Amino acid sequence: MMSSTRTVSKTLDVEIKAECIDQLEYIVNSVYLESKKRFIDFVVKKTDPLNPSIIFRLRDSLTGMWAECSITIGGKPIISITAPSSFNFREQEALLRELEEVIYLLKETGGYGKLYFTFTSNMELTHIRTRESYKDILSKLFFNNLVFIFALSIIVTSTIWFLSPDLTRFLVNIMLFQAVLLLLSDRIVFTFCNWKIDKLNRYTYLVECRVPLGEYQDFLKRCYVKRTEIKRDIFNRTLALKRDIDFETVRDVLLKYGFEANPQNTALRKIDVYSIVSKVAEKCGLKMPRRIGILNIAMPNAGMSGISFRM
């Protein structure tokens with residue numbers, strides 16, 4: 001007698017084109033199922049021209065429980081999970097949510113990994129690798145995670161208390177220390193900035209390389225480890241000669257490192273950062289900052305420089 005089954009499904013309110021099936025297959029196999037290898041029964045790609053799908057079955061060899069999952073794209077994605085009626089319903093719902101994340105990852109990335117090269121016309125390329133490593137480490141320590149700042153504040157506070165155990169003097173010293181830190185905050189942050197912007201060097205240039213996720217790791221091995229040489233070569237052929245970065249130069253340089261750039265996988269952007277800051281300052285009724293810097297961190301932190309408008 002065959003046991004009954006239960007199917008749960010969901011249609012997501014996003015659009016995924018049918019031609020993204022290869023990227024979806026890569027994400028399912030290399031990202032989602034990577035941690036579930038011992039449960040994989042089979043994985044099949046159904047290559048329908050309009051609504052292709054990825055179908056796979058997870059099976060627990062100890063309990064015999066299984067769940068057959070399918071993701072169909074070509075319009076609004078449909079996720080479906082079929083399992084025995086005795087399968088825990090909450091676990092089935094959890095699988096459904098996990099597959100939703102797979103779709104959202106595909107939607108967010110488009111199935112492509114991206115690598116950006118950033119330039120300014122006044123950037124210094126001498127010992128760039130050492131300087132970037134130094135700044136990246138300090139930026140991650142102090143700007144990406146407040147735990148280190150908290151730990152540093154404890155050390156400073158303990159030191160001040162050790163030197164001045166009197167409570168009144170201790171509180172005064174703490175306030176003086178915080179006041180000095182606040183007054184110098186703009187200079188401290190500016191020191192860590194990866195790129196400096198001013199009226200004469202107002203532009204930031206971005207070179208974006210897009211690579212299918214299945215080829216992304218190989219691409220990083222070829223190009224990311226050589227990013228300093230790539231940036232130096234592009235800079236010396238363009239900005240160092242007072243020329244804007246152009247596609248032909250980028251293509252020629254990247255070709256030396258095994259990446260064939262074309263308008264579909266490579267994009268150039270020229271951003272007038274100085275004008276952006278100027279317009280915001282004018283709109284908010286603030287003075288134009290004397291210093292403008294860009295930190296290479298993912299987390300925005302508008303309050304990093306305190307109340308000072310000098311930054």
# chains A, B, ... in the order shown; residues from 1 in each chain; ligands from 1
call {"tool": "residues_around", "arguments": {"residues": "range 64-68 of chain A", "least_positions_apart": "3", "cutoff": "7 Å", "atoms": "only C-alpha atoms", "output": "list in words"}}
result
Phe56, Arg57, Leu58, Arg59, Asp60, Ser61, Ile81, Thr82, Ala83 and Phe87 of chain A
call {"tool": "residues_around", "arguments": {"residues": "Ile27 in chain A", "least_positions_apart": "4", "cutoff": "8 Å", "atoms": "only C-alpha atoms", "output": "PyMOL selection string"}}
result
chain A and resi 23+31-32+102+106+111+213
call {"tool": "write_last_selection", "arguments": {"atoms": "all heavy atoms", "output": "compact mmCIF listing (two decimals), in the first residue's frame"}}
result
# COMPACT_ATOMS: atom_id res chain seq x y z
N GLN A 23 22.24 29.17 -14.61
CA GLN A 23 22.66 29.85 -13.39
C GLN A 23 21.92 29.28 -12.17
O GLN A 23 22.50 29.11 -11.10
CB GLN A 23 22.42 31.36 -13.50
CG GLN A 23 23.37 32.07 -14.45
CD GLN A 23 22.86 32.11 -15.87
OE1 GLN A 23 22.07 31.26 -16.28
NE2 GLN A 23 23.30 33.10 -16.63
N VAL A 31 25.64 25.90 -4.24
CA VAL A 31 25.38 26.73 -3.06
C VAL A 31 24.41 26.03 -2.11
O VAL A 31 24.75 25.69 -0.98
CB VAL A 31 24.83 28.12 -3.46
CG1 VAL A 31 24.55 28.96 -2.22
CG2 VAL A 31 25.80 28.83 -4.39
N TYR A 32 23.20 25.75 -2.61
CA TYR A 32 22.17 25.21 -1.72
C TYR A 32 22.45 23.77 -1.30
O TYR A 32 22.40 23.42 -0.12
CB TYR A 32 20.80 25.31 -2.38
CG TYR A 32 19.70 24.72 -1.54
CD1 TYR A 32 19.32 25.34 -0.34
CD2 TYR A 32 19.05 23.55 -1.91
CE1 TYR A 32 18.32 24.80 0.46
CE2 TYR A 32 18.05 23.01 -1.12
CZ TYR A 32 17.69 23.64 0.06
OH TYR A 32 16.72 23.10 0.85
N VAL A 102 16.96 30.76 -2.53
CA VAL A 102 17.70 30.42 -3.75
C VAL A 102 17.24 31.31 -4.90
O VAL A 102 18.05 31.85 -5.67
CB VAL A 102 17.50 28.93 -4.10
CG1 VAL A 102 18.04 28.63 -5.50
CG2 VAL A 102 18.19 28.05 -3.07
N LEU A 106 19.29 34.26 -6.96
CA LEU A 106 19.38 34.31 -8.42
C LEU A 106 18.89 35.65 -8.94
O LEU A 106 19.50 36.24 -9.84
CB LEU A 106 18.55 33.18 -9.03
CG LEU A 106 18.47 33.13 -10.56
CD1 LEU A 106 19.86 32.95 -11.17
CD2 LEU A 106 17.54 32.01 -11.02
N GLY A 111 22.55 35.63 -11.55
CA GLY A 111 23.36 34.46 -11.88
C GLY A 111 24.80 34.82 -12.20
O GLY A 111 25.55 33.99 -12.72
N LEU A 213 28.21 32.68 -12.41
CA LEU A 213 28.64 32.15 -11.12
C LEU A 213 29.47 30.88 -11.26
O LEU A 213 30.38 30.63 -10.48
CB LEU A 213 27.43 31.89 -10.23
CG LEU A 213 26.73 33.14 -9.68
CD1 LEU A 213 25.46 32.76 -8.92
CD2 LEU A 213 27.66 33.93 -8.77
call {"tool": "residues_around", "arguments": {"residues": "Ile103 in chain A", "least_positions_apart": "3", "cutoff": "8 Å", "atoms": "only C-alpha atoms", "output": "VMD selection string"}}
result
chain A and resid 24 77 99 to 100 106 to 107
call {"tool": "atom_distance", "arguments": {"atom1": "CA of Ser35 in chain A", "atom2": "CA of Leu62 in chain A"}}
result
17.6 Å
call {"tool": "residues_around", "arguments": {"residues": "Ser53 in chain A", "least_positions_apart": "3", "cutoff": "7 Å", "atoms": "only C-alpha atoms", "output": "list in words"}}
result
Lys45, Lys46, Thr47, Ser70, Ile71, Thr72 and Ile73 of chain A
call {"tool": "closest_residue", "arguments": {"among": "A:Leu176, A:Ile197, A:Leu12, A:Val189", "to": "Ser278 in chain A", "atoms": "only C-alpha atoms"}}
result
A:Ile197
call {"tool": "residues_around", "arguments": {"residues": "Val277 in chain A", "least_positions_apart": "6", "cutoff": "9 Å", "atoms": "only C-alpha atoms", "output": "PyMOL selection string"}}
result
chain A and resi 288-289+292
call {"tool": "decode", "arguments": {"residues": "range 171-192 of chain A", "atoms": "N, CA, C and O atoms", "output": "PDB file, in the first residue's frame"}}
result
ATOM      1  N   LEU A 171      36.178  61.070  35.697  1.00  0.00           N
ATOM      2  CA  LEU A 171      35.080  61.491  34.828  1.00  0.00           C
ATOM      3  C   LEU A 171      35.493  62.666  33.945  1.00  0.00           C
ATOM      4  O   LEU A 171      35.136  62.725  32.762  1.00  0.00           O
ATOM      5  N   VAL A 172      36.251  63.597  34.522  1.00  0.00           N
ATOM      6  CA  VAL A 172      36.723  64.745  33.737  1.00  0.00           C
ATOM      7  C   VAL A 172      37.638  64.280  32.610  1.00  0.00           C
ATOM      8  O   VAL A 172      37.526  64.725  31.459  1.00  0.00           O
ATOM      9  N   ASN A 173      38.548  63.360  32.924  1.00  0.00           N
ATOM     10  CA  ASN A 173      39.475  62.849  31.905  1.00  0.00           C
ATOM     11  C   ASN A 173      38.740  62.103  30.796  1.00  0.00           C
ATOM     12  O   ASN A 173      39.092  62.210  29.616  1.00  0.00           O
ATOM     13  N   ILE A 174      37.715  61.340  31.197  1.00  0.00           N
ATOM     14  CA  ILE A 174      36.925  60.615  30.195  1.00  0.00           C
ATOM     15  C   ILE A 174      36.236  61.595  29.255  1.00  0.00           C
ATOM     16  O   ILE A 174      36.240  61.428  28.021  1.00  0.00           O
ATOM     17  N   MET A 175      35.630  62.639  29.815  1.00  0.00           N
ATOM     18  CA  MET A 175      34.936  63.628  28.985  1.00  0.00           C
ATOM     19  C   MET A 175      35.909  64.369  28.075  1.00  0.00           C
ATOM     20  O   MET A 175      35.600  64.649  26.911  1.00  0.00           O
ATOM     21  N   LEU A 176      37.098  64.682  28.595  1.00  0.00           N
ATOM     22  CA  LEU A 176      38.104  65.348  27.770  1.00  0.00           C
ATOM     23  C   LEU A 176      38.551  64.444  26.624  1.00  0.00           C
ATOM     24  O   LEU A 176      38.711  64.890  25.480  1.00  0.00           O
ATOM     25  N   PHE A 177      38.745  63.175  26.944  1.00  0.00           N
ATOM     26  CA  PHE A 177      39.154  62.217  25.911  1.00  0.00           C
ATOM     27  C   PHE A 177      38.089  62.104  24.820  1.00  0.00           C
ATOM     28  O   PHE A 177      38.393  62.118  23.623  1.00  0.00           O
ATOM     29  N   GLN A 178      36.811  62.012  25.236  1.00  0.00           N
ATOM     30  CA  GLN A 178      35.721  61.911  24.269  1.00  0.00           C
ATOM     31  C   GLN A 178      35.603  63.183  23.436  1.00  0.00           C
ATOM     32  O   GLN A 178      35.319  63.131  22.233  1.00  0.00           O
ATOM     33  N   ALA A 179      35.831  64.336  24.072  1.00  0.00           N
ATOM     34  CA  ALA A 179      35.746  65.607  23.351  1.00  0.00           C
ATOM     35  C   ALA A 179      36.829  65.702  22.280  1.00  0.00           C
ATOM     36  O   ALA A 179      36.573  66.116  21.142  1.00  0.00           O
ATOM     37  N   VAL A 180      38.048  65.304  22.640  1.00  0.00           N
ATOM     38  CA  VAL A 180      39.146  65.320  21.667  1.00  0.00           C
ATOM     39  C   VAL A 180      38.852  64.357  20.518  1.00  0.00           C
ATOM     40  O   VAL A 180      39.069  64.673  19.340  1.00  0.00           O
ATOM     41  N   LEU A 181      38.332  63.178  20.863  1.00  0.00           N
ATOM     42  CA  LEU A 181      37.999  62.183  19.843  1.00  0.00           C
ATOM     43  C   LEU A 181      36.932  62.714  18.891  1.00  0.00           C
ATOM     44  O   LEU A 181      37.009  62.520  17.670  1.00  0.00           O
ATOM     45  N   LEU A 182      35.941  63.418  19.449  1.00  0.00           N
ATOM     46  CA  LEU A 182      34.874  63.974  18.624  1.00  0.00           C
ATOM     47  C   LEU A 182      35.403  65.068  17.699  1.00  0.00           C
ATOM     48  O   LEU A 182      35.065  65.112  16.509  1.00  0.00           O
ATOM     49  N   LEU A 183      36.258  65.937  18.236  1.00  0.00           N
ATOM     50  CA  LEU A 183      36.795  67.036  17.432  1.00  0.00           C
ATOM     51  C   LEU A 183      37.699  66.540  16.307  1.00  0.00           C
ATOM     52  O   LEU A 183      37.779  67.160  15.243  1.00  0.00           O
ATOM     53  N   LEU A 184      38.370  65.427  16.555  1.00  0.00           N
ATOM     54  CA  LEU A 184      39.301  64.901  15.551  1.00  0.00           C
ATOM     55  C   LEU A 184      38.687  63.784  14.705  1.00  0.00           C
ATOM     56  O   LEU A 184      39.376  63.189  13.874  1.00  0.00           O
ATOM     57  N   SER A 185      37.404  63.498  14.918  1.00  0.00           N
ATOM     58  CA  SER A 185      36.785  62.347  14.251  1.00  0.00           C
ATOM     59  C   SER A 185      36.862  62.452  12.733  1.00  0.00           C
ATOM     60  O   SER A 185      37.093  61.459  12.038  1.00  0.00           O
ATOM     61  N   ASP A 186      36.661  63.667  12.203  1.00  0.00           N
ATOM     62  CA  ASP A 186      36.696  63.808  10.746  1.00  0.00           C
ATOM     63  C   ASP A 186      38.079  63.496  10.189  1.00  0.00           C
ATOM     64  O   ASP A 186      38.219  62.856   9.144  1.00  0.00           O
ATOM     65  N   ARG A 187      39.121  63.925  10.905  1.00  0.00           N
ATOM     66  CA  ARG A 187      40.488  63.643  10.448  1.00  0.00           C
ATOM     67  C   ARG A 187      40.817  62.152  10.569  1.00  0.00           C
ATOM     68  O   ARG A 187      41.495  61.580   9.713  1.00  0.00           O
ATOM     69  N   ILE A 188      40.329  61.541  11.649  1.00  0.00           N
ATOM     70  CA  ILE A 188      40.595  60.114  11.858  1.00  0.00           C
ATOM     71  C   ILE A 188      39.964  59.288  10.741  1.00  0.00           C
ATOM     72  O   ILE A 188      40.603  58.422  10.134  1.00  0.00           O
ATOM     73  N   VAL A 189      38.689  59.568  10.462  1.00  0.00           N
ATOM     74  CA  VAL A 189      37.995  58.816   9.414  1.00  0.00           C
ATOM     75  C   VAL A 189      38.638  59.070   8.056  1.00  0.00           C
ATOM     76  O   VAL A 189      38.825  58.150   7.254  1.00  0.00           O
ATOM     77  N   PHE A 190      38.995  60.323   7.800  1.00  0.00           N
ATOM     78  CA  PHE A 190      39.579  60.674   6.500  1.00  0.00           C
ATOM     79  C   PHE A 190      40.898  59.936   6.268  1.00  0.00           C
ATOM     80  O   PHE A 190      41.241  59.589   5.136  1.00  0.00           O
ATOM     81  N   THR A 191      41.622  59.674   7.346  1.00  0.00           N
ATOM     82  CA  THR A 191      42.886  58.950   7.232  1.00  0.00           C
ATOM     83  C   THR A 191      42.671  57.544   6.685  1.00  0.00           C
ATOM     84  O   THR A 191      43.502  57.010   5.952  1.00  0.00           O
ATOM     85  N   PHE A 192      41.532  56.945   7.032  1.00  0.00           N
ATOM     86  CA  PHE A 192      41.252  55.577   6.605  1.00  0.00           C
ATOM     87  C   PHE A 192      40.637  55.505   5.207  1.00  0.00           C
ATOM     88  O   PHE A 192      40.478  54.412   4.664  1.00  0.00           O
TER      89      PHE A 192
END
